[in-house]
$ cat run.csv   # CSV, C-alpha atoms
chain,number,residue,atom,x,y,z
K,831,MET,CA,32.5,-7.2,-24.7
K,832,ARG,CA,33.5,-5.7,-21.4
K,833,ARG,CA,33.4,-6.0,-17.6
K,834,PHE,CA,30.1,-5.3,-16.0
K,835,PHE,CA,28.4,-4.4,-12.7
K,836,SER,CA,25.2,-2.5,-12.5
K,837,ALA,CA,23.3,-2.8,-9.2
K,838,ALA,CA,24.3,0.1,-7.0
K,839,VAL,CA,27.3,-0.9,-4.9
K,840,LYS,CA,29.9,1.3,-3.2
K,841,THR,CA,32.9,0.5,-5.4
K,842,ARG,CA,35.7,2.4,-7.0
K,843,SER,CA,35.1,4.1,-10.3
K,844,LYS,CA,37.5,1.9,-12.2
K,845,ASP,CA,35.5,-1.2,-11.1
K,846,ASP,CA,32.0,0.2,-11.5
K,847,GLY,CA,31.4,-0.7,-15.2
K,848,TYR,CA,31.7,2.5,-17.1
K,849,PRO,CA,30.0,2.2,-20.5
K,850,GLU,CA,33.1,3.3,-22.4
K,851,ASP,CA,35.5,1.0,-20.5
K,852,TRP,CA,35.3,-2.1,-22.6
K,853,PHE,CA,37.6,-4.9,-23.7
K,854,VAL,CA,37.6,-7.1,-26.8
K,855,PRO,CA,36.9,-10.8,-27.0
K,856,GLY,CA,39.8,-12.9,-25.8
K,857,LYS,CA,40.8,-10.4,-23.2
K,858,SER,CA,39.8,-10.2,-19.5
K,859,LEU,CA,40.0,-7.9,-16.6
K,860,VAL,CA,40.0,-8.5,-12.8
K,861,THR,CA,37.8,-6.1,-10.8
K,862,HIS,CA,37.1,-5.8,-7.1
K,863,TYR,CA,33.8,-5.3,-5.4
K,864,PRO,CA,34.1,-4.8,-1.6
K,865,VAL,CA,30.2,-5.1,-1.1
K,866,GLU,CA,30.4,-3.1,2.1
K,867,GLN,CA,26.7,-2.7,2.6
K,868,ASP,CA,23.5,-4.1,4.1
K,869,ALA,CA,22.3,-7.5,3.2
K,870,THR,CA,20.3,-7.5,0.0
K,871,ALA,CA,19.9,-9.0,-3.5
K,872,LEU,CA,22.3,-7.4,-6.1
K,873,TRP,CA,22.5,-8.1,-9.7
K,874,PHE,CA,25.1,-7.4,-12.4
K,875,HIS,CA,25.0,-7.2,-16.2
K,876,ASP,CA,26.8,-6.0,-19.3
K,877,HIS,CA,26.9,-2.2,-19.6
K,878,ALA,CA,28.8,-1.8,-22.9
K,879,MET,CA,27.9,1.5,-24.7
K,880,GLY,CA,25.0,1.1,-27.1
K,881,ILE,CA,24.9,-2.7,-27.1
K,882,ASN,CA,24.1,-3.7,-23.5
K,883,ARG,CA,20.4,-4.0,-24.6
K,884,LEU,CA,21.6,-6.8,-26.9
K,885,ASN,CA,24.0,-8.4,-24.5
K,886,VAL,CA,21.6,-8.4,-21.5
K,887,TYR,CA,18.9,-9.9,-23.9
K,888,ALA,CA,21.5,-12.6,-24.8
K,889,GLY,CA,21.9,-13.5,-21.1
K,890,LEU,CA,24.8,-11.5,-19.8
K,891,TYR,CA,23.5,-10.9,-16.3
K,892,GLY,CA,23.5,-12.6,-12.9
K,893,MET,CA,22.2,-12.2,-9.3
K,894,MET,CA,23.9,-12.5,-6.0
K,895,LEU,CA,22.6,-12.5,-2.4
K,896,LEU,CA,24.4,-10.6,0.4
K,897,ARG,CA,24.0,-11.7,4.0
K,898,ASP,CA,24.7,-10.0,7.3
K,899,LYS,CA,24.1,-10.5,11.1
K,900,VAL,CA,20.9,-8.4,11.1
K,901,GLU,CA,19.3,-10.6,8.5
K,902,ASP,CA,20.6,-13.8,10.1
K,903,ALA,CA,19.0,-12.8,13.4
K,904,LEU,CA,15.6,-12.7,11.8
K,905,HIS,CA,15.6,-16.4,10.9
K,906,LEU,CA,13.9,-15.9,7.6
K,907,PRO,CA,13.1,-18.8,5.3
K,908,SER,CA,16.4,-20.2,3.9
K,909,GLY,CA,17.8,-23.0,1.9
K,910,ALA,CA,15.1,-24.8,-0.1
K,911,TYR,CA,12.6,-22.2,1.2
K,912,GLU,CA,14.3,-19.2,-0.3
K,913,LEU,CA,13.7,-18.9,-4.0
K,914,PRO,CA,15.4,-16.5,-6.4
K,915,LEU,CA,12.9,-15.6,-9.1
K,916,ILE,CA,14.4,-13.8,-12.1
K,917,PHE,CA,11.7,-12.4,-14.5
K,918,CYS,CA,12.2,-11.5,-18.2
K,919,ASP,CA,10.5,-11.6,-21.6
K,920,ARG,CA,11.9,-13.1,-24.8
K,921,ASN,CA,10.9,-13.8,-28.4
K,922,PHE,CA,12.0,-17.0,-30.1
K,923,THR,CA,12.3,-18.1,-33.8
K,924,ALA,CA,10.8,-21.3,-35.0
K,925,ASP,CA,14.0,-23.1,-34.3
K,926,GLY,CA,14.3,-21.8,-30.7
K,927,GLN,CA,16.8,-19.0,-31.2
K,928,LEU,CA,16.4,-15.6,-29.5
K,929,PHE,CA,14.8,-13.0,-31.7
K,930,TYR,CA,15.2,-9.2,-31.1
K,931,ASP,CA,13.3,-6.6,-33.1
K,932,ALA,CA,14.8,-4.0,-35.4
K,933,SER,CA,13.2,-1.0,-37.0
K,934,ASP,CA,12.1,-0.8,-40.7
K,935,ASP,CA,15.0,1.6,-41.4
K,936,PRO,CA,18.2,-0.4,-42.0
K,937,GLU,CA,20.3,2.8,-41.5
K,938,HIS,CA,18.7,3.3,-38.1
K,939,PRO,CA,17.9,-0.2,-36.6
K,940,TRP,CA,17.0,1.1,-33.1
K,941,ILE,CA,13.6,0.5,-31.6
K,942,PRO,CA,12.0,2.7,-28.8
K,943,GLU,CA,11.3,-0.2,-26.5
K,944,PHE,CA,11.3,-4.0,-26.6
K,945,SER,CA,8.4,-6.3,-25.5
K,946,ALA,CA,8.2,-10.0,-26.1
K,947,ASP,CA,5.5,-12.7,-26.1
K,948,ALA,CA,7.2,-15.3,-23.9
K,949,LEU,CA,7.4,-14.5,-20.2
K,950,LEU,CA,10.2,-16.4,-18.4
K,951,VAL,CA,11.0,-17.1,-14.8
K,952,ASN,CA,14.5,-18.4,-14.2
K,953,GLY,CA,14.8,-19.0,-17.9
K,954,LYS,CA,11.7,-21.1,-18.3
K,955,ILE,CA,8.2,-20.4,-19.7
K,956,ARG,CA,5.5,-20.9,-17.1
K,957,PRO,CA,7.5,-23.2,-14.7
K,958,TYR,CA,6.0,-24.8,-11.7
K,959,PHE,CA,7.4,-25.4,-8.2
K,960,GLU,CA,6.7,-28.3,-6.0
K,961,ALA,CA,6.1,-26.4,-2.7
K,962,GLU,CA,5.2,-27.3,0.8
K,963,PRO,CA,2.4,-25.7,3.0
K,964,THR,CA,4.8,-23.4,4.7
K,965,LEU,CA,6.5,-20.0,4.5
K,966,TYR,CA,8.7,-19.1,1.5
K,967,ARG,CA,11.0,-16.2,0.8
K,968,LEU,CA,11.0,-15.0,-2.8
K,969,ARG,CA,13.9,-12.9,-4.1
K,970,MET,CA,12.4,-11.2,-7.1
K,971,LEU,CA,14.4,-9.5,-9.9
K,972,ASN,CA,13.3,-8.0,-13.2
K,973,VAL,CA,16.0,-8.3,-15.9
K,974,SER,CA,13.8,-7.4,-18.8
K,975,ASN,CA,14.9,-4.8,-21.4
K,976,SER,CA,11.7,-2.8,-21.1
K,977,ARG,CA,8.8,-4.8,-19.6
K,978,PHE,CA,7.3,-4.0,-16.2
K,979,PHE,CA,6.0,-6.9,-14.2
K,980,ASN,CA,2.8,-6.3,-12.1
K,981,LEU,CA,2.9,-9.2,-9.7
K,982,SER,CA,0.0,-10.7,-7.7
K,983,LEU,CA,-1.4,-14.0,-6.6
K,984,SER,CA,-4.2,-15.9,-8.5
K,985,ASN,CA,-6.1,-16.3,-5.2
K,986,ASN,CA,-6.0,-12.6,-4.5
K,987,ALA,CA,-4.1,-13.2,-1.3
K,988,PRO,CA,-1.7,-10.4,-0.3
K,989,LEU,CA,2.0,-10.6,-0.7
K,990,LEU,CA,4.2,-9.6,2.3
K,991,GLN,CA,7.1,-7.5,1.1
K,992,ILE,CA,10.1,-7.3,3.4
K,993,GLY,CA,12.7,-5.7,1.3
K,994,THR,CA,13.5,-3.8,-1.9
K,995,ASP,CA,16.6,-3.0,-4.1
K,996,GLN,CA,19.0,-2.1,-1.2
K,997,GLY,CA,17.9,-4.3,1.6
K,998,LEU,CA,15.3,-5.0,4.3
K,999,LEU,CA,12.4,-2.7,5.1
K,1000,PRO,CA,11.7,-1.4,8.6
K,1001,ALA,CA,8.7,-3.8,8.8
K,1002,PRO,CA,6.8,-6.1,6.5
K,1003,VAL,CA,4.3,-4.5,4.2
K,1004,SER,CA,1.2,-6.3,3.0
K,1005,VAL,CA,0.5,-5.5,-0.7
K,1006,GLY,CA,-2.0,-6.8,-3.2
K,1007,ARG,CA,0.3,-6.1,-6.2
K,1008,ILE,CA,4.0,-5.4,-6.7
K,1009,SER,CA,5.1,-3.3,-9.7
K,1010,LEU,CA,8.6,-4.3,-10.6
K,1011,ALA,CA,10.4,-2.1,-13.2
K,1012,PRO,CA,13.5,-3.3,-15.1
K,1013,GLY,CA,16.4,-3.4,-12.7
K,1014,GLU,CA,14.2,-3.4,-9.5
K,1015,ARG,CA,14.2,-6.1,-6.9
K,1016,ALA,CA,11.7,-7.2,-4.3
K,1017,ASP,CA,12.1,-9.4,-1.2
K,1018,VAL,CA,8.8,-11.1,-0.5
K,1019,LEU,CA,7.4,-13.7,2.0
K,1020,LEU,CA,4.8,-16.1,0.6
K,1021,ASP,CA,2.7,-18.0,3.2
K,1022,LEU,CA,1.4,-21.2,1.7
K,1023,SER,CA,0.6,-22.8,5.1
K,1024,SER,CA,-3.2,-22.7,4.6
K,1025,LEU,CA,-3.1,-24.0,1.0
K,1026,ALA,CA,-2.1,-27.7,1.5
K,1027,GLY,CA,-3.0,-29.7,-1.5
K,1028,GLN,CA,-3.8,-26.7,-3.6
K,1029,GLN,CA,-2.2,-24.7,-6.4
K,1030,VAL,CA,-1.6,-21.0,-6.7
K,1031,GLN,CA,-0.1,-18.9,-9.5
K,1032,LEU,CA,2.1,-15.8,-9.3
K,1033,ARG,CA,0.8,-13.6,-12.1
K,1034,THR,CA,1.7,-10.4,-14.0
K,1035,GLY,CA,-1.6,-8.8,-14.8
K,1036,PRO,CA,-3.9,-11.7,-15.8
K,1037,VAL,CA,-1.1,-14.0,-17.0
K,1038,GLY,CA,0.2,-16.7,-14.8
K,1039,ILE,CA,4.0,-16.9,-14.9
K,1040,VAL,CA,4.9,-19.5,-12.2
K,1041,GLU,CA,2.7,-22.0,-10.4
K,1042,PHE,CA,3.2,-23.3,-6.9
K,1043,ARG,CA,1.9,-26.9,-6.5
K,1044,ILE,CA,1.5,-27.3,-2.7
K,1045,SER,CA,1.8,-30.7,-1.1
K,1046,ALA,CA,-0.4,-32.0,1.7
K,1047,LYS,CA,2.2,-31.8,4.4
K,1048,SER,CA,5.4,-29.9,5.1
K,1049,ALA,CA,8.7,-31.1,6.4
K,1050,ALA,CA,9.7,-27.6,7.5
K,1051,ALA,CA,9.6,-26.4,11.1
K,1052,PRO,CA,7.1,-23.6,11.6
K,1053,VAL,CA,8.6,-20.2,10.8
K,1054,SER,CA,7.2,-17.0,12.4
K,1055,ILE,CA,7.1,-13.7,10.5
K,1056,PRO,CA,9.0,-11.0,12.3
K,1057,HIS,CA,7.2,-7.8,13.1
K,1058,ALA,CA,10.3,-5.6,12.8
K,1059,LEU,CA,13.1,-6.1,10.3
K,1060,ARG,CA,15.9,-3.4,9.9
K,1061,PRO,CA,15.6,0.1,11.3
K,1062,ILE,CA,15.8,2.8,8.6
K,1063,GLU,CA,16.4,6.4,9.6
K,1064,ARG,CA,14.7,8.7,7.1
K,1065,MET,CA,17.0,11.4,5.8
K,1066,PRO,CA,15.8,14.9,6.7
K,1067,GLU,CA,15.6,17.3,3.7
K,1068,SER,CA,17.5,19.8,5.8
K,1069,ALA,CA,20.6,17.6,5.4
K,1070,ALA,CA,20.8,18.2,1.7
K,1071,THR,CA,23.2,20.9,0.6
K,1072,LEU,CA,22.0,21.0,-3.0
K,1073,THR,CA,18.9,20.2,-5.1
K,1074,ARG,CA,19.4,19.3,-8.8
K,1075,THR,CA,16.7,19.4,-11.3
K,1076,ILE,CA,16.9,16.5,-13.9
K,1077,THR,CA,14.6,16.7,-16.9
K,1078,LEU,CA,13.6,13.6,-18.9
K,1079,HIS,CA,12.9,14.1,-22.6
K,1080,GLU,CA,11.9,12.0,-25.7
K,1081,TYR,CA,12.1,13.1,-29.3
K,1082,LYS,CA,10.3,11.5,-32.3
K,1083,ASP,CA,11.9,10.3,-35.5
K,1084,ASP,CA,10.5,10.7,-39.1
K,1085,TYR,CA,8.2,7.8,-38.4
K,1086,GLU,CA,6.7,9.4,-35.3
K,1087,LYS,CA,8.4,6.9,-33.0
K,1088,SER,CA,10.1,8.1,-29.8
K,1089,MET,CA,13.7,7.3,-30.6
K,1090,VAL,CA,16.0,9.8,-28.9
K,1091,MET,CA,15.7,10.0,-25.1
K,1092,LEU,CA,17.8,12.6,-23.3
K,1093,ILE,CA,18.4,13.8,-19.7
K,1094,ASN,CA,18.5,17.6,-19.4
K,1095,ARG,CA,18.5,17.7,-23.2
K,1096,LYS,CA,22.1,16.4,-23.2
K,1097,HIS,CA,23.7,13.4,-24.9
K,1098,TRP,CA,26.0,11.0,-23.1
K,1099,HIS,CA,29.2,12.4,-24.7
K,1100,GLU,CA,28.6,16.0,-23.7
K,1101,PRO,CA,30.6,17.4,-20.7
K,1102,THR,CA,29.6,16.2,-17.2
K,1103,THR,CA,27.3,18.6,-15.5
K,1104,GLU,CA,26.6,16.8,-12.2
K,1105,LYS,CA,29.6,16.9,-9.9
K,1106,PRO,CA,28.6,16.1,-6.3
K,1107,LYS,CA,31.2,16.4,-3.5
K,1108,LEU,CA,32.3,13.3,-1.6
K,1109,ASN,CA,30.2,12.8,1.5
K,1110,SER,CA,27.7,15.5,0.5
K,1111,THR,CA,24.0,14.9,0.6
K,1112,GLU,CA,21.8,16.0,-2.3
K,1113,ILE,CA,18.2,15.9,-3.5
K,1114,TRP,CA,17.6,15.1,-7.2
K,1115,GLU,CA,14.2,15.8,-8.7
K,1116,PHE,CA,13.4,14.0,-11.9
K,1117,VAL,CA,11.0,16.0,-14.1
K,1118,ASN,CA,9.4,13.6,-16.4
K,1119,LEU,CA,8.3,15.4,-19.6
K,1120,THR,CA,7.5,12.2,-21.5
K,1121,GLU,CA,4.6,9.8,-21.8
K,1122,ASP,CA,6.5,6.9,-20.2
K,1123,THR,CA,7.4,5.9,-16.7
K,1124,HIS,CA,11.2,5.8,-16.5
K,1125,PRO,CA,12.9,3.6,-13.9
K,1126,MET,CA,15.9,5.8,-13.1
K,1127,HIS,CA,19.0,4.1,-11.7
K,1128,LEU,CA,22.1,5.7,-10.1
K,1129,HIS,CA,25.4,3.9,-9.8
K,1130,LEU,CA,27.5,4.0,-6.6
K,1131,VAL,CA,24.8,5.2,-4.2
K,1132,ARG,CA,21.7,4.0,-2.5
K,1133,PHE,CA,18.9,6.6,-2.0
K,1134,GLN,CA,15.6,7.3,-0.3
K,1135,ILE,CA,12.5,8.4,-2.3
K,1136,LEU,CA,11.0,11.5,-0.9
K,1137,ASP,CA,7.8,12.2,-2.8
K,1138,ARG,CA,6.1,12.6,-6.2
K,1139,ARG,CA,4.1,15.6,-7.4
K,1140,GLN,CA,2.0,16.1,-10.6
K,1141,PHE,CA,2.6,19.2,-12.7
K,1142,ASP,CA,1.2,20.7,-15.9
K,1143,MET,CA,3.5,19.2,-18.5
K,1144,THR,CA,2.2,21.2,-21.4
K,1145,ASP,CA,2.7,24.5,-19.6
K,1146,TYR,CA,6.2,23.5,-18.7
K,1147,LEU,CA,7.1,22.5,-22.3
K,1148,LEU,CA,5.5,25.6,-24.0
K,1149,ASN,CA,6.1,28.3,-21.4
K,1150,LYS,CA,8.9,26.9,-19.2
K,1151,LYS,CA,6.5,27.4,-16.3
K,1152,LEU,CA,6.3,24.9,-13.5
K,1153,ARG,CA,2.7,24.7,-12.3
K,1154,PHE,CA,1.8,22.0,-9.9
K,1155,LEU,CA,-1.6,20.3,-10.2
K,1156,ASP,CA,-1.8,18.9,-6.6
K,1157,GLU,CA,0.2,18.5,-3.4
K,1158,ALA,CA,3.3,16.3,-3.2
K,1159,VAL,CA,2.5,12.7,-2.3
K,1160,PRO,CA,5.0,11.3,0.2
K,1161,VAL,CA,6.1,7.7,-0.4
K,1162,SER,CA,4.8,4.9,1.8
K,1163,GLY,CA,5.0,1.2,2.2
K,1164,ALA,CA,7.8,-0.6,0.4
K,1165,GLU,CA,9.2,2.6,-1.1
K,1166,LEU,CA,10.3,3.7,2.4
K,1167,GLY,CA,13.2,1.3,2.0
K,1168,TRP,CA,16.7,2.0,0.5
K,1169,LYS,CA,16.5,2.0,-3.3
K,1170,ASP,CA,18.8,2.2,-6.3
K,1171,VAL,CA,16.0,2.3,-9.0
K,1172,VAL,CA,13.1,4.7,-8.8
K,1173,GLN,CA,10.0,4.7,-11.0
K,1174,CYS,CA,9.4,8.2,-12.4
K,1175,PRO,CA,5.8,8.5,-13.8
K,1176,SER,CA,4.8,10.7,-16.7
K,1177,GLY,CA,3.9,14.3,-15.8
K,1178,MET,CA,5.3,14.0,-12.3
K,1179,ILE,CA,8.3,15.3,-10.4
K,1180,THR,CA,9.9,12.4,-8.4
K,1181,ARG,CA,12.4,13.4,-5.7
K,1182,ILE,CA,15.1,11.3,-4.2
K,1183,MET,CA,17.8,12.0,-1.7
K,1184,MET,CA,21.2,10.4,-1.2
K,1185,LYS,CA,24.7,10.8,0.3
K,1186,PHE,CA,27.6,10.3,-2.1
K,1187,GLU,CA,29.8,8.1,0.1
K,1188,GLY,CA,32.8,5.9,-0.6
K,1189,TYR,CA,34.9,7.1,-3.5
K,1190,THR,CA,35.5,9.9,-5.9
K,1191,GLY,CA,35.5,9.4,-9.6
K,1192,LYS,CA,33.2,9.1,-12.6
K,1193,TYR,CA,29.9,7.1,-12.5
K,1194,LEU,CA,26.6,7.3,-14.3
K,1195,TYR,CA,22.9,7.4,-14.0
K,1196,HIS,CA,20.3,6.3,-16.5
K,1197,CYS,CA,16.9,5.0,-17.3
K,1198,HIS,CA,16.9,1.2,-16.8
K,1199,ILE,CA,14.7,0.6,-19.9
K,1200,LEU,CA,17.7,-0.6,-21.9
K,1201,GLU,CA,16.5,0.8,-25.2
K,1202,HIS,CA,16.0,4.2,-23.6
K,1203,GLU,CA,19.5,4.0,-22.1
K,1204,ALA,CA,21.0,3.0,-25.4
K,1205,ASN,CA,19.3,5.9,-27.1
K,1206,ASP,CA,21.0,8.3,-24.8
K,1207,MET,CA,18.9,8.5,-21.6
K,1208,MET,CA,22.1,8.1,-19.7
K,1209,ARG,CA,24.5,10.7,-18.3
K,1210,PRO,CA,27.8,10.7,-16.4
K,1211,PHE,CA,28.3,12.2,-13.0
K,1212,GLU,CA,31.5,12.7,-11.1
K,1213,VAL,CA,32.1,12.6,-7.4
K,1214,VAL,CA,34.8,15.1,-6.6
K,1215,ALA,CA,36.9,15.6,-3.4
$ encode --input "run.csv" --output "structure tokens"
Amino acid sequence: MRRFFSAAVKTRSKDDGYPEDWFVPGKSLVTHYPVEQDATALWFHDHAMGINRLNVYAGLYGMMLLRDKVEDALHLPSGAYELPLIFCDRNFTADGQLFYDASDDPEHPWIPEFSADALLVNGKIRPYFEAEPTLYRLRMLNVSNSRFFNLSLSNNAPLLQIGTDQGLLPAPVSVGRISLAPGERADVLLDLSSLAGQQVQLRTGPVGIVEFRISAKSAAAPVSIPHALRPIERMPESAATLTRTITLHEYKDDYEKSMVMLINRKHWHEPTTEKPKLNSTEIWEFVNLTEDTHPMHLHLVRFQILDRRQFDMTDYLLNKKLRFLDEAVPVSGAELGWKDVVQCPSGMITRIMMKFEGYTGKYLYHCHILEHEANDMMRPFEVVA
């Protein structure tokens, strides 16, 4: 057991939740989180080395909402009309206990990823919500070990996304579907005003996971949707003093399962190779040489996604030659906001840009698929003076 905090917050290294900084049952530790940042939804979870996949699965996580004057001035739905929705998947035994898979090899019980049959929202399977025909604010969070949630409405109406991991977007973005990787958040407006007396489901793929049962009338005063939210100045690439190339790798075991996942072909315990300077701005490009999409998460910082570009993965692996297959695709829509988790698709280079502000010290970055992280797709970085 150990202290934990995972969502990117500007905090001292000693309070960040380093995987090796644990304590035993019966002991405790006081930590300080100044949360000096824009309003957003943060979450926290156990980060103990090698077993956080089990501890998070057991329920060691939580969510908190930060407020500020910019958000307050928008008069967004609040109180009973602001709903935290925490998504996860779980398997249960016949007597209702949590069940987590293990491999067939007792000497090596690890599994490459975890996917369960039961889809839970706020700890319940297929819950329903007695709603009114008015505007709601949904604060979405995916706390699954490995599962991505691809969220849409059963009536095919669009969702209006107003924020992401690290706060509000410049303006609302209308989307038909929201892909939420482990660790990601989405701030969404749901307009039920035209659905009095009806029902609508929020789905992942074709599966309904929560149902809104809408009454005939609403007690709420009408709420207008703001056209502008929070200004976000895009970081110019010229501000970066260094570009780092980060390669993502997977290696198969004797059973042809991808079991070891590495960053830059290095294990966690090897010497730190990324040492950004305090207040410097860098570009990190994630070169995904695997068949999976990896949600990469950095501690301490928030970042902006620049673009993604497809390359010939076979040529790179065999000949160490980087050959692009198309032009870079700049991000758009909801990905224009501040992030702390970025989806890095297979066979693509995903570039992000951030400023290392706040504190010096040791931190970490990793894939937020917890089984990948536990199997060493996690590396330290150190902010130096």
$ closest_residue --input "run.csv" --among "K:Pro1052, K:Met1065, K:Asn980, K:Leu1152" --to "K:Thr1034" --atoms "only C-alpha atoms"
K:Asn980
$ atom_distance --input "run.csv" --atom1 "atom CA of K:Ile1113" --atom2 "atom CA of K:Gln991"
26.3 Å
$ closest_residue --input "run.csv" --among "K:Asp846, K:Asp934, K:Glu901, K:Asp868" --to "K:Asp1084" --atoms "only C-alpha atoms"
K:Asp934
$ residues_around --input "run.csv" --residues "K:Pro864" --least-positions-apart "3" --cutoff "9 Å" --atoms "only C-alpha atoms" --output "number ranges by chain"
K: 839-841, 867
$ residues_around --input "run.csv" --residues "K:Ala888" --least-positions-apart "6" --cutoff "12 Å" --atoms "only C-alpha atoms" --output "JSON, numbers by chain"
{"K": [875, 876, 881, 882, 918, 919, 920, 921, 922, 927, 928, 929, 930, 953, 973, 974, 975]}
$ closest_residue --input "run.csv" --among "K:Pro936, K:Pro914, K:Pro988, K:Gly1188" --to "K:Asn1109" --atoms "only C-alpha atoms"
K:Gly1188
$ closest_residue --input "run.csv" --among "K:Gly889, K:Gly847, K:Gly1006, K:Pro1106" --to "K:Phe1186" --atoms "all atoms listed in the file"
K:Pro1106
$ closest_residue --input "run.csv" --among "K:Ala1215, K:Met879, K:Leu1200, K:Ala1070" --to "K:Ala1011" --atoms "only C-alpha atoms"
K:Leu1200
$ closest_residue --input "run.csv" --among "K:Asn1149, K:Gln1134, K:Ser976, K:Thr1075" --to "K:Gln996" --atoms "all atoms listed in the file"
K:Gln1134
$ atom_distance --input "run.csv" --atom1 "atom CA of K:Thr1180" --atom2 "atom CA of K:Ala1158"
9.3 Å
$ decode --input "run.csv" --residues "stretch 966-978 of chain K" --atoms "N, CA, C and O atoms" --output "CSV table (one decimal), in the first residue's frame"
chain,number,residue,atom,x,y,z
K,966,TYR,N,-27.9,19.0,-19.0
K,966,TYR,CA,-27.0,18.4,-18.0
K,966,TYR,C,-25.6,18.5,-18.3
K,966,TYR,O,-25.2,18.6,-19.5
K,967,ARG,N,-24.7,18.5,-17.3
K,967,ARG,CA,-23.3,18.5,-17.5
K,967,ARG,C,-22.8,17.1,-17.0
K,967,ARG,O,-22.9,16.8,-15.8
K,968,LEU,N,-22.1,16.4,-17.9
K,968,LEU,CA,-21.6,15.1,-17.6
K,968,LEU,C,-20.1,15.1,-17.4
K,968,LEU,O,-19.4,15.5,-18.4
K,969,ARG,N,-19.6,14.8,-16.2
K,969,ARG,CA,-18.1,14.8,-16.0
K,969,ARG,C,-17.7,13.3,-16.1
K,969,ARG,O,-17.8,12.5,-15.2
K,970,MET,N,-17.2,12.9,-17.3
K,970,MET,CA,-16.8,11.6,-17.6
K,970,MET,C,-15.4,11.2,-17.3
K,970,MET,O,-14.5,12.0,-17.5
K,971,LEU,N,-15.2,10.0,-16.7
K,971,LEU,CA,-13.9,9.5,-16.4
K,971,LEU,C,-13.8,8.0,-16.6
K,971,LEU,O,-14.7,7.3,-16.2
K,972,ASN,N,-12.7,7.6,-17.3
K,972,ASN,CA,-12.5,6.1,-17.5
K,972,ASN,C,-11.4,5.6,-16.6
K,972,ASN,O,-10.3,6.0,-16.7
K,973,VAL,N,-11.8,4.8,-15.6
K,973,VAL,CA,-10.9,4.2,-14.7
K,973,VAL,C,-10.6,2.8,-14.9
K,973,VAL,O,-10.0,2.1,-14.1
K,974,SER,N,-10.9,2.3,-16.1
K,974,SER,CA,-10.6,0.9,-16.5
K,974,SER,C,-9.1,0.6,-16.5
K,974,SER,O,-8.3,1.5,-16.8
K,975,ASN,N,-8.8,-0.7,-16.3
K,975,ASN,CA,-7.4,-1.1,-16.5
K,975,ASN,C,-7.0,-1.0,-17.9
K,975,ASN,O,-5.9,-0.5,-18.2
K,976,SER,N,-7.8,-1.5,-18.8
K,976,SER,CA,-7.4,-1.5,-20.2
K,976,SER,C,-8.4,-1.1,-21.2
K,976,SER,O,-8.1,-0.8,-22.4
K,977,ARG,N,-9.7,-1.1,-20.8
K,977,ARG,CA,-10.8,-0.9,-21.8
K,977,ARG,C,-10.9,0.6,-22.2
K,977,ARG,O,-10.9,1.5,-21.4
K,978,PHE,N,-11.1,0.8,-23.5
K,978,PHE,CA,-11.5,2.1,-24.1
K,978,PHE,C,-13.0,2.1,-24.1
K,978,PHE,O,-13.7,1.1,-24.5
